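Asker: Before I ask anything, here is the structure I am working with.
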Amino acid sequence: MKVHDRVAFLHEFVRSPFTVGAIAPSGEPLADLIAAPVPREGDPLVVELGPGTGAFTAAIQRRLDGRGHHLAVEVNERFAQRLATRYPQVDVAVADARDLREVLAERGHHCADVIVSGLPWVAFDPSLQHDLLDALTGVLGRHGVFTTFAYAHTRWAPPARRLRRALGGRFEEVVVSRMVWANLPPAFVYFCRRPRVPALV
């Protein structure tokens, strides 16, 4: 991981801790795990929420290998500018993830195949969690996959437990990955499949 990424991430965390949510970007082992559902064939639409400095972006791009459409939705303009410069092949939208349906519609899309989230769910209040889950399940296809992560030390905190219950209510299948001890801090991934109210296409 590049030193300037860590510096940029820490700087943005200090500026806005509740939207950045961490003091350092995720490591490659976690990024590879969270991007695992991105298909190696075809032309999928992959939506990345809260890409930050691009830790997950790189893993998604490796799996796509020039195929499909990779849309990254980032509310932080400084992160978005850095990401667009580093990954010109990625469609970077400066937008709130709650406006996901509108962001996709502007690009002629209605349904995502995979949604990868780097959003700091534990930092969000119940209302925001609810709105974000509404937004992403509203554009995720019936056979789509949603992945997000959580840190080990927050697993039993009320916001994390609330998120786990909310995921169970919105998806027919929620699988928890192994712990990625190599990440700082250690983290795990939720793999969510078969949204109970999938996107209309």
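In the structure tokens, the first chain shown is A, the next is B, and so on; residue numbers restart at 1 for each chain, and ligands run from 1 in the order shown.
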Need to verify the contact set: Leu184 (chain A), 8 Å, only C-alpha atoms, exclusion of same-chain residues closer than 3 positions in sequence. Can you return it as number ranges by chain?
Answerer: A: 24, 26-27, 181, 187
Asker: I want to know what sits within 8 Å of region 104-114 of chain A, based on only C-alpha atoms, with residues of the same chain fewer than 5 positions away left out; could you give that as a ChimeraX atom specification?
Answerer: /A:37-38,44-47,139-141,143-147,199-201
Asker: Interatomic distance between CA of Gly50 (chain A) and CA of Leu136 (chain A)?
Answerer: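 Going from CA of Gly50 (chain A) over to CA of Leu136 (chain A) covers 12.6 Å.
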Asker: Residues of region 30-115 of chain A classed as helix (DSSP H, G or I) by DSSP on the backbone are to be reported as a count of residues only.
Answerer: 35
Asker: CA of Thr148 (chain A) and CA of Glu77 (chain A) are how many Å apart?
Answerer: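 These two atoms are separated by 21.8 Å.
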Asker: Please, what distance in Å, to one decimal, runs between CA of Ile115 (chain A) and CA of Glu48 (chain A)?
Answerer: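 Distance reported for this atom pair: 5.8 Å.
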Asker: Have a look at A:Ala93, A:Ala135, A:Ala182, A:Val189 and name the one nearest to Ala80 (chain A); count only C-alpha atoms.
Answerer: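 Checking each of A:Ala93, A:Ala135, A:Ala182, A:Val189 against Ala80 (chain A), counting only C-alpha atoms, the winner is A:Ala93.
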Asker: Compile the contact shell of region 171-173 of chain A as a ChimeraX atom specification: residues with an atom at most 9 Å away, counting only C-alpha atoms, same-chain residues fewer than 4 positions apart removed.
Answerer: /A:137,166-167,191-197
Asker: A:Asp91, A:Glu74, A:Asp32, A:Asp65: which is nearest Gly52 (chain A), counting only C-alpha atoms?
Answerer: A:Glu74
